[in-house]
Amino acid sequence: MSVHTQRAASTFPHPRRRLPGLGDILAVSTASPTQSEFELSKELGPIYELKFGTQRFLVVTSGELAKQVNNEQAWSKLVAGPFLSMRKNLTGAGLLTAANSDPLWGHANQVLRPGFVPQAMRRYHGAMSECVNGLSELWANQTKSIDVSRDMSRLTLEVIGQAGFGTEIGALRPDYDYGFTDSLTRALTNVSRSANDLPFSQWIFRSRLAQFRHDTTELRAFAQQVIERRHATGERRNDLLDMMLHGSDALNALPDENIADQVLTFLAAGNDTTAGLLSFCFYYMSQQPEYFAAVRAEVEDLCGQEPVGFEDVARLKLTRRLIDETLRLWPVAPGYFRKATADQELAGRSIPRGTVVFVLTLGVHRDEGTWGHDADAFDPARWENSKPASNPNRVYKPFGTGPRACIGRMFALHEATLAVAELSRRFTLNTAGSSELHVHEMLTLKPEGFSVRVQPVA
Ligand code: HEM
């Protein structure tokens with residue numbers, strides 16, 4: 001399905017330089033689409049229209065408007081833009097990219113949901129702890145500065161491999177060559193860019209296309225291998241792969257072809273999102289190193305010299321506030337598409353059923369009308385009191401909204417809280433060189449070129 005509105009929503013503001021046939025491709029950066037959409041909102045206001053070729057959609061950045069568009073009675077998720085490109089070119093109809101009407105989505109959701117309830121985190125906690133320890137060991141022996149985003153991708157990839165599929169990827173071995181993490185990053189970057197690229201640019205930049213094909217082949221081969229290995233050993237484990245391969249008393253297993261799509265989806269949706277979150281969080285902490293001391297004190301208070309246990313994670317309130325505030329300023333999945341299921345009014349104008357809106361979380365989470373005049377400031381203390389008070393429209397949505405919101409939310413929050421707590425206990429990160437934040441877009445967001453020196457705690 002393409003991104004379109006049934007009737008031109010031309011009464012909404014749009015970028016000035018609109019090219020015949022091509023639309024707004026000059027107004028939105030291919031390399032950093034959502035950041036330039038956020039910049040456009042400062043010029044065009046909290047609702048404006050974008051057009052790429054025949055595809056049109058509205059971009060919404062205010063809390064008030066997001067609240068309306070999040071209403072499930074009159075709106076639903078739409079797989080569009082880069083997510084559509086992801087379905088066609090990378091993951092097939094995995095949970096993230098399957099249409100609402102696809103029966104496989106309902107089946108996969110039912111099969112996998114028990115793997116993501118809060119209690120299920122107990123079974124992943126051991127693997128998560130081991131991986132965090134593995135990264136600690138690497139850092140303890142590190143004399144050079146490190147690229148935080150790359151190391152966080154190593155960590156989260158290993159976690160999803162071990163906790164989700166019982167597979168050791170080897171991303172935390174000292175001699176890891178970054179091959180797999182780089183393939184994943186490049187594939188997702190390509191998916192993100194292809195959504196609003198110039199027509200035929202994939203053909204103009206043939207080497208990029210060839211690289212993309214190579215990367216997707218490698219990723220798919222990995223997914224197949226994970227499945228075949230489990231079939232061959234006949235092993236039963238308490239993990240996501242087992243749920244998909246065997247279903248339950250009440251549910252059939254998923255078809256093998258779809259399991260490969262789901263494995264790729266978890267690698268794509270569950271890895272760099274959490275890695276981006278951790279990297280942004282460490283960025284803010286490195287700007288105010290007293291946060292390291294505060295987290296350290298919290299962990300020592302709670303656990304003494306013992307490792308952070310499963311139950312401890314939910315009690316690390318300060319650590320969690322750092323994470324919540326990071327996801328407010330940098331929702332690493334920076335927006336989601338919605339489609340009107342009824343004719344209605346939006347921002348005082350009539351819009352027909354079928355109108356497509358991109359809720360730019362990156363903008364909504366910095367909307368002064370919702371968050372106050374310090375909306376741009378990193379202030380974890382805003383989460384100390386009741387959340388709704390600082391979030392009147394309930395538009396804090398780093399994990400999306402409605403029945404298609406992130407299934408991996410608990411997994412990501414458990415992993416990130418544990419990692420920030422355990423790593424801060426052992427290290428302080430000092431920015432090496434420039435502390436300016438550059439953000440790379442690859443469907444998700446992550447700091448680029450953010451390197452630090454790891455300083456072990458005495
Ligand atoms: C900080 C980390 C994460 C963030 C910010 C995040 C964000 C999101 C968002 C915004 C959506 C909704 C997309 C839409 O409406 O189009 C989503 C969906 C999804 N996420 Fe996450 N995610 C994170 C981590 C994870 C993890 C760790 C996993 C798996 C282990 C995961 C798996 C998924 C899946 C499968 C969906 C599709 C759900 C469905 O439609 O049924 N995510 N995520």
# chains A, B, ... in the order shown; residues from 1 in each chain; ligands from 1
call {"tool": "residues_near_ligand", "arguments": {"ligand": "ligand 1", "cutoff": "8 Å", "atoms": "only C-alpha atoms and all ligand atoms", "output": "PDB file with C-alpha atoms, in the first residue's frame"}}
result
ATOM      1  CA  LYS A  77      -1.241   1.854  12.242  1.00  0.00           C
ATOM      2  CA  LEU A  78      -0.129   1.985   8.623  1.00  0.00           C
ATOM      3  CA  VAL A  79       2.967   0.268   7.253  1.00  0.00           C
ATOM      4  CA  PHE A  83       8.704   0.415   6.937  1.00  0.00           C
ATOM      5  CA  GLY A  94       7.615  -9.749  10.219  1.00  0.00           C
ATOM      6  CA  LEU A  95       5.671  -8.401  13.208  1.00  0.00           C
ATOM      7  CA  LEU A  96       6.826  -4.809  12.627  1.00  0.00           C
ATOM      8  CA  THR A  97       6.061  -4.608   8.925  1.00  0.00           C
ATOM      9  CA  ALA A  98       3.034  -6.891   8.458  1.00  0.00           C
ATOM     10  CA  TRP A 105       0.545 -10.763  12.222  1.00  0.00           C
ATOM     11  CA  ASN A 109       1.636 -11.778  17.928  1.00  0.00           C
ATOM     12  CA  ILE A 160      19.179 -10.690  21.250  1.00  0.00           C
ATOM     13  CA  GLY A 164      16.123 -14.673  21.786  1.00  0.00           C
ATOM     14  CA  GLN A 262      10.684 -12.638  12.492  1.00  0.00           C
ATOM     15  CA  THR A 265      12.710  -8.327  12.436  1.00  0.00           C
ATOM     16  CA  PHE A 266      14.068  -8.850  15.948  1.00  0.00           C
ATOM     17  CA  LEU A 267      17.581  -8.164  14.732  1.00  0.00           C
ATOM     18  CA  ALA A 269      13.876  -3.726  15.506  1.00  0.00           C
ATOM     19  CA  GLY A 270      15.428  -4.937  18.723  1.00  0.00           C
ATOM     20  CA  ASN A 271      19.103  -4.343  18.271  1.00  0.00           C
ATOM     21  CA  ASP A 272      19.972  -0.856  17.099  1.00  0.00           C
ATOM     22  CA  THR A 273      17.008   0.693  18.904  1.00  0.00           C
ATOM     23  CA  THR A 274      18.303  -0.404  22.299  1.00  0.00           C
ATOM     24  CA  ALA A 275      21.895   0.317  21.239  1.00  0.00           C
ATOM     25  CA  GLY A 276      20.851   3.859  20.239  1.00  0.00           C
ATOM     26  CA  LEU A 277      19.043   4.361  23.546  1.00  0.00           C
ATOM     27  CA  LEU A 327      13.896   8.356  25.127  1.00  0.00           C
ATOM     28  CA  PRO A 331      13.032   8.549  20.749  1.00  0.00           C
ATOM     29  CA  VAL A 332      15.328   6.269  18.791  1.00  0.00           C
ATOM     30  CA  ALA A 333      12.421   5.089  16.635  1.00  0.00           C
ATOM     31  CA  PRO A 334      11.570   8.704  15.793  1.00  0.00           C
ATOM     32  CA  GLY A 335       8.002   8.348  14.517  1.00  0.00           C
ATOM     33  CA  TYR A 336       5.179   6.102  13.316  1.00  0.00           C
ATOM     34  CA  PHE A 337       2.559   6.188  10.554  1.00  0.00           C
ATOM     35  CA  ARG A 338      -1.194   6.300  11.207  1.00  0.00           C
ATOM     36  CA  LYS A 397       5.329   7.284  22.953  1.00  0.00           C
ATOM     37  CA  PRO A 398       8.891   6.119  22.339  1.00  0.00           C
ATOM     38  CA  PHE A 399       7.483   2.617  21.830  1.00  0.00           C
ATOM     39  CA  GLY A 400       4.625   3.607  19.532  1.00  0.00           C
ATOM     40  CA  THR A 401       0.921   3.349  20.261  1.00  0.00           C
ATOM     41  CA  PRO A 403      -2.105  -2.742  19.519  1.00  0.00           C
ATOM     42  CA  ARG A 404       0.904  -2.362  17.207  1.00  0.00           C
ATOM     43  CA  ALA A 405       3.097  -0.686  19.820  1.00  0.00           C
ATOM     44  CA  CYS A 406       6.488  -2.250  20.531  1.00  0.00           C
ATOM     45  CA  ILE A 407       6.272  -5.842  21.721  1.00  0.00           C
ATOM     46  CA  GLY A 408       9.906  -5.594  22.919  1.00  0.00           C
ATOM     47  CA  ARG A 409       9.372  -2.633  25.288  1.00  0.00           C
ATOM     48  CA  MET A 410      10.017  -4.572  28.526  1.00  0.00           C
ATOM     49  CA  PHE A 411      12.939  -6.389  26.964  1.00  0.00           C
ATOM     50  CA  ALA A 412      14.574  -3.115  25.908  1.00  0.00           C
ATOM     51  CA  LEU A 413      13.943  -1.350  29.216  1.00  0.00           C
ATOM     52  CA  ALA A 416      19.053  -0.881  29.082  1.00  0.00           C
TER      53      ALA A 416
END
call {"tool": "closest_atom_pairs", "arguments": {"of": "region 308-386 of chain A", "to": "region 35-38 of chain A", "cutoff": "10 Å", "atoms": "only C-alpha atoms", "output": "Markdown table"}}
result
| residue | atom | partner | partner_atom | distance |
| --- | --- | --- | --- | --- |
| A:Pro334 | CA | A:Gln35 | CA | 8.9 |
| A:Leu360 | CA | A:Phe38 | CA | 7.5 |
| A:Thr361 | CA | A:Phe38 | CA | 9.4 |
| A:Leu362 | CA | A:Phe38 | CA | 7.0 |
| A:Gly363 | CA | A:Phe38 | CA | 5.8 |
| A:Val364 | CA | A:Phe38 | CA | 9.4 |
| A:Arg366 | CA | A:Phe38 | CA | 9.9 |
call {"tool": "write_last_selection", "arguments": {"atoms": "C-alpha atoms", "output": "mmCIF file, in the first residue's frame"}}
result
data_model
loop_
_atom_site.group_PDB
_atom_site.id
_atom_site.type_symbol
_atom_site.label_atom_id
_atom_site.label_comp_id
_atom_site.auth_asym_id
_atom_site.auth_seq_id
_atom_site.Cartn_x
_atom_site.Cartn_y
_atom_site.Cartn_z
ATOM 1 C CA PRO A 334 11.570 8.704 15.793
ATOM 2 C CA LEU A 360 7.001 12.612 14.485
ATOM 3 C CA THR A 361 7.738 11.534 18.044
ATOM 4 C CA LEU A 362 10.995 13.451 17.853
ATOM 5 C CA GLY A 363 8.927 16.641 17.611
ATOM 6 C CA VAL A 364 6.060 15.633 19.919
ATOM 7 C CA ARG A 366 9.962 18.291 22.530
#
call {"tool": "residues_around", "arguments": {"residues": "Ala377 (chain A)", "least_positions_apart": "6", "cutoff": "12 Å", "atoms": "only C-alpha atoms", "output": "list in words"}}
result
Tyr284, Glu325, Thr326, Arg328, Leu329, Trp330, His365, Arg366, Asp367, Glu368 and Trp371 of chain A
call {"tool": "write_last_selection", "arguments": {"atoms": "N, CA and C atoms", "output": "tab-separated table (two decimals), in the first residue's frame"}}
result
chain	number	residue	atom	x	y	z
A	284	TYR	N	24.51	11.75	27.39
A	284	TYR	CA	24.08	12.76	28.38
A	284	TYR	C	24.84	12.57	29.70
A	325	GLU	N	14.10	9.76	30.20
A	325	GLU	CA	14.36	11.11	29.69
A	325	GLU	C	15.16	11.06	28.38
A	326	THR	N	16.06	10.09	28.28
A	326	THR	CA	16.80	9.92	27.02
A	326	THR	C	15.81	9.62	25.89
A	328	ARG	N	12.78	10.42	25.75
A	328	ARG	CA	11.94	11.59	25.43
A	328	ARG	C	12.68	12.46	24.41
A	329	LEU	N	13.93	12.80	24.70
A	329	LEU	CA	14.66	13.70	23.81
A	329	LEU	C	15.07	13.01	22.50
A	330	TRP	N	15.44	11.76	22.61
A	330	TRP	CA	15.85	11.02	21.41
A	330	TRP	C	15.06	9.71	21.34
A	365	HIS	N	7.83	14.88	21.42
A	365	HIS	CA	8.51	14.77	22.71
A	365	HIS	C	9.26	16.04	23.11
A	366	ARG	N	9.30	17.02	22.19
A	366	ARG	CA	9.96	18.29	22.53
A	366	ARG	C	8.97	19.45	22.40
A	367	ASP	N	7.68	19.11	22.34
A	367	ASP	CA	6.65	20.13	22.18
A	367	ASP	C	6.51	20.93	23.48
A	368	GLU	N	6.75	22.23	23.40
A	368	GLU	CA	6.71	23.05	24.63
A	368	GLU	C	5.32	23.07	25.25
A	371	TRP	N	5.50	19.83	27.29
A	371	TRP	CA	6.60	19.58	28.24
A	371	TRP	C	7.10	20.83	28.94
call {"tool": "select_by_dssp", "arguments": {"residues": "region 50-137 of chain A", "states": "alpha helix (DSSP H)", "output": "PyMOL selection string"}}
result
chain A and resi 63-69+81-86+103-112+121-137
call {"tool": "write_last_selection", "arguments": {"atoms": "N, CA and C atoms", "output": "tab-separated table (two decimals), in the first residue's frame"}}
result
chain	number	residue	atom	x	y	z
A	63	GLY	N	1.68	17.84	20.83
A	63	GLY	CA	1.04	16.87	21.71
A	63	GLY	C	-0.46	16.77	21.44
A	64	GLU	N	-1.12	17.92	21.28
A	64	GLU	CA	-2.57	17.94	21.05
A	64	GLU	C	-2.94	17.11	19.83
A	65	LEU	N	-2.22	17.34	18.72
A	65	LEU	CA	-2.56	16.64	17.47
A	65	LEU	C	-2.20	15.16	17.57
A	66	ALA	N	-1.05	14.88	18.22
A	66	ALA	CA	-0.65	13.47	18.36
A	66	ALA	C	-1.71	12.72	19.17
A	67	LYS	N	-2.26	13.38	20.19
A	67	LYS	CA	-3.27	12.73	21.03
A	67	LYS	C	-4.45	12.28	20.16
A	68	GLN	N	-4.88	13.18	19.27
A	68	GLN	CA	-6.01	12.83	18.40
A	68	GLN	C	-5.66	11.66	17.48
A	69	VAL	N	-4.46	11.72	16.89
A	69	VAL	CA	-4.09	10.70	15.91
A	69	VAL	C	-3.80	9.35	16.58
A	81	GLY	N	6.17	4.29	4.07
A	81	GLY	CA	7.50	4.90	4.03
A	81	GLY	C	8.60	3.86	4.19
A	82	PRO	N	9.57	4.11	5.07
A	82	PRO	CA	10.70	3.17	5.21
A	82	PRO	C	10.28	1.79	5.71
A	83	PHE	N	9.15	1.72	6.43
A	83	PHE	CA	8.70	0.42	6.94
A	83	PHE	C	8.23	-0.48	5.78
A	84	LEU	N	7.64	0.19	4.78
A	84	LEU	CA	7.21	-0.55	3.60
A	84	LEU	C	8.43	-1.06	2.83
A	85	SER	N	9.42	-0.18	2.74
A	85	SER	CA	10.66	-0.55	2.07
A	85	SER	C	11.34	-1.70	2.83
A	86	MET	N	11.24	-1.65	4.15
A	86	MET	CA	11.84	-2.71	4.97
A	86	MET	C	11.14	-4.05	4.69
A	103	PRO	N	-3.19	-12.08	8.39
A	103	PRO	CA	-3.46	-13.05	9.46
A	103	PRO	C	-2.18	-13.51	10.15
A	104	LEU	N	-1.05	-13.46	9.44
A	104	LEU	CA	0.21	-13.88	10.06
A	104	LEU	C	0.61	-12.96	11.21
A	105	TRP	N	0.21	-11.67	11.12
A	105	TRP	CA	0.55	-10.76	12.22
A	105	TRP	C	-0.14	-11.24	13.51
A	106	GLY	N	-1.47	-11.54	13.41
A	106	GLY	CA	-2.22	-11.98	14.59
A	106	GLY	C	-1.63	-13.26	15.16
A	107	HIS	N	-1.29	-14.18	14.26
A	107	HIS	CA	-0.75	-15.48	14.68
A	107	HIS	C	0.60	-15.27	15.39
A	108	ALA	N	1.49	-14.50	14.74
A	108	ALA	CA	2.83	-14.28	15.32
A	108	ALA	C	2.73	-13.52	16.65
A	109	ASN	N	1.80	-12.56	16.70
A	109	ASN	CA	1.64	-11.78	17.93
A	109	ASN	C	1.21	-12.70	19.08
A	110	GLN	N	0.28	-13.61	18.79
A	110	GLN	CA	-0.20	-14.51	19.86
A	110	GLN	C	0.90	-15.49	20.30
A	111	VAL	N	1.66	-15.97	19.30
A	111	VAL	CA	2.71	-16.93	19.62
A	111	VAL	C	3.81	-16.27	20.46
A	112	LEU	N	4.15	-15.03	20.10
A	112	LEU	CA	5.33	-14.39	20.72
A	112	LEU	C	5.03	-13.59	21.97
A	121	MET	N	11.01	-11.68	31.39
A	121	MET	CA	12.33	-11.07	31.45
A	121	MET	C	13.26	-11.84	32.37
A	122	ARG	N	12.64	-12.56	33.32
A	122	ARG	CA	13.44	-13.35	34.27
A	122	ARG	C	14.34	-14.33	33.51
A	123	ARG	N	13.78	-14.93	32.43
A	123	ARG	CA	14.59	-15.94	31.72
A	123	ARG	C	15.68	-15.31	30.84
A	124	TYR	N	15.54	-14.02	30.52
A	124	TYR	CA	16.59	-13.39	29.69
A	124	TYR	C	17.65	-12.71	30.56
A	125	HIS	N	17.31	-12.53	31.84
A	125	HIS	CA	18.18	-11.71	32.70
A	125	HIS	C	19.62	-12.27	32.76
A	126	GLY	N	19.75	-13.60	32.85
A	126	GLY	CA	21.08	-14.21	32.95
A	126	GLY	C	21.92	-13.89	31.72
A	127	ALA	N	21.32	-14.08	30.54
A	127	ALA	CA	22.07	-13.82	29.29
A	127	ALA	C	22.43	-12.33	29.19
A	128	MET	N	21.47	-11.48	29.60
A	128	MET	CA	21.75	-10.03	29.54
A	128	MET	C	22.93	-9.69	30.45
A	129	SER	N	22.91	-10.24	31.68
A	129	SER	CA	24.00	-9.96	32.64
A	129	SER	C	25.33	-10.43	32.10
A	130	GLU	N	25.33	-11.65	31.53
A	130	GLU	CA	26.60	-12.18	30.99
A	130	GLU	C	27.14	-11.30	29.89
A	131	CYS	N	26.26	-10.82	29.03
A	131	CYS	CA	26.72	-9.98	27.92
A	131	CYS	C	27.26	-8.65	28.45
A	132	VAL	N	26.58	-8.06	29.43
A	132	VAL	CA	27.06	-6.80	30.01
A	132	VAL	C	28.44	-7.04	30.65
A	133	ASN	N	28.58	-8.18	31.34
A	133	ASN	CA	29.89	-8.51	31.92
A	133	ASN	C	30.95	-8.66	30.83
A	134	GLY	N	30.55	-9.28	29.72
A	134	GLY	CA	31.48	-9.45	28.60
A	134	GLY	C	31.98	-8.10	28.10
A	135	LEU	N	31.07	-7.15	27.99
A	135	LEU	CA	31.48	-5.81	27.52
A	135	LEU	C	32.36	-5.13	28.56
A	136	SER	N	32.03	-5.32	29.85
A	136	SER	CA	32.86	-4.76	30.92
A	136	SER	C	34.29	-5.25	30.83
A	137	GLU	N	34.42	-6.56	30.56
A	137	GLU	CA	35.77	-7.14	30.44
A	137	GLU	C	36.53	-6.46	29.31
call {"tool": "closest_residue", "arguments": {"among": "A:Val117, A:Ala294, A:Ala268, A:Ala99", "to": "Thr185 (chain A)", "atoms": "only C-alpha atoms"}}
result
A:Ala268
call {"tool": "closest_residue", "arguments": {"among": "A:Met152, A:Val395, A:Arg237, A:Arg213", "to": "Ala171 (chain A)", "atoms": "only C-alpha atoms"}}
result
A:Met152
call {"tool": "closest_residue", "arguments": {"among": "A:Ala120, A:Val439, A:Ala458, A:Leu90", "to": "Thr34 (chain A)", "atoms": "only C-alpha atoms"}}
result
A:Val439
call {"tool": "atom_distance", "arguments": {"atom1": "CA of Asn141 (chain A)", "atom2": "CA of Leu423 (chain A)"}}
result
14.0 Å
call {"tool": "residues_around", "arguments": {"residues": "Glu384 (chain A)", "least_positions_apart": "3", "cutoff": "9 Å", "atoms": "only C-alpha atoms", "output": "PDB file with C-alpha atoms, in the first residue's frame"}}
result
ATOM      1  CA  LYS A 317      14.432   4.364  39.827  1.00  0.00           C
ATOM      2  CA  LEU A 318      17.085   6.977  39.082  1.00  0.00           C
ATOM      3  CA  ARG A 321      14.572   8.108  34.881  1.00  0.00           C
ATOM      4  CA  PRO A 380      15.557  13.240  34.380  1.00  0.00           C
ATOM      5  CA  ALA A 381      13.999  14.895  37.438  1.00  0.00           C
ATOM      6  CA  LYS A 387       4.195  10.836  34.749  1.00  0.00           C
TER       7      LYS A 387
END
call {"tool": "closest_residue", "arguments": {"among": "A:Asp374, A:Asp147, A:Asp312, A:Glu228", "to": "Asn430 (chain A)", "atoms": "only C-alpha atoms"}}
result
A:Asp147
call {"tool": "closest_residue", "arguments": {"among": "A:Met243, A:Ala221, A:Asp249, A:Gly234", "to": "Phe116 (chain A)", "atoms": "only C-alpha atoms"}}
result
A:Met243
call {"tool": "atom_distance", "arguments": {"atom1": "CA of Thr355 (chain A)", "atom2": "CA of Leu44 (chain A)"}}
result
19.0 Å
call {"tool": "closest_residue", "arguments": {"among": "A:Leu155, A:Arg186, A:Asn71, A:Gly247", "to": "Lys339 (chain A)", "atoms": "only C-alpha atoms"}}
result
A:Asn71
call {"tool": "residues_around", "arguments": {"residues": "Pro447 (chain A)", "least_positions_apart": "6", "cutoff": "9 Å", "atoms": "only C-alpha atoms", "output": "number ranges by chain"}}
result
A: 148-149, 276, 279-280, 283, 437-441
call {"tool": "residues_around", "arguments": {"residues": "Ala27 (chain A)", "least_positions_apart": "2", "cutoff": "12 Å", "atoms": "only C-alpha atoms", "output": "ChimeraX atom specification"}}
result
/A:14-19,22-25,29-41,43-44,49-52,196-197
call {"tool": "atom_distance", "arguments": {"atom1": "CA of Asn393 (chain A)", "atom2": "CA of Thr370 (chain A)"}}
result
7.1 Å
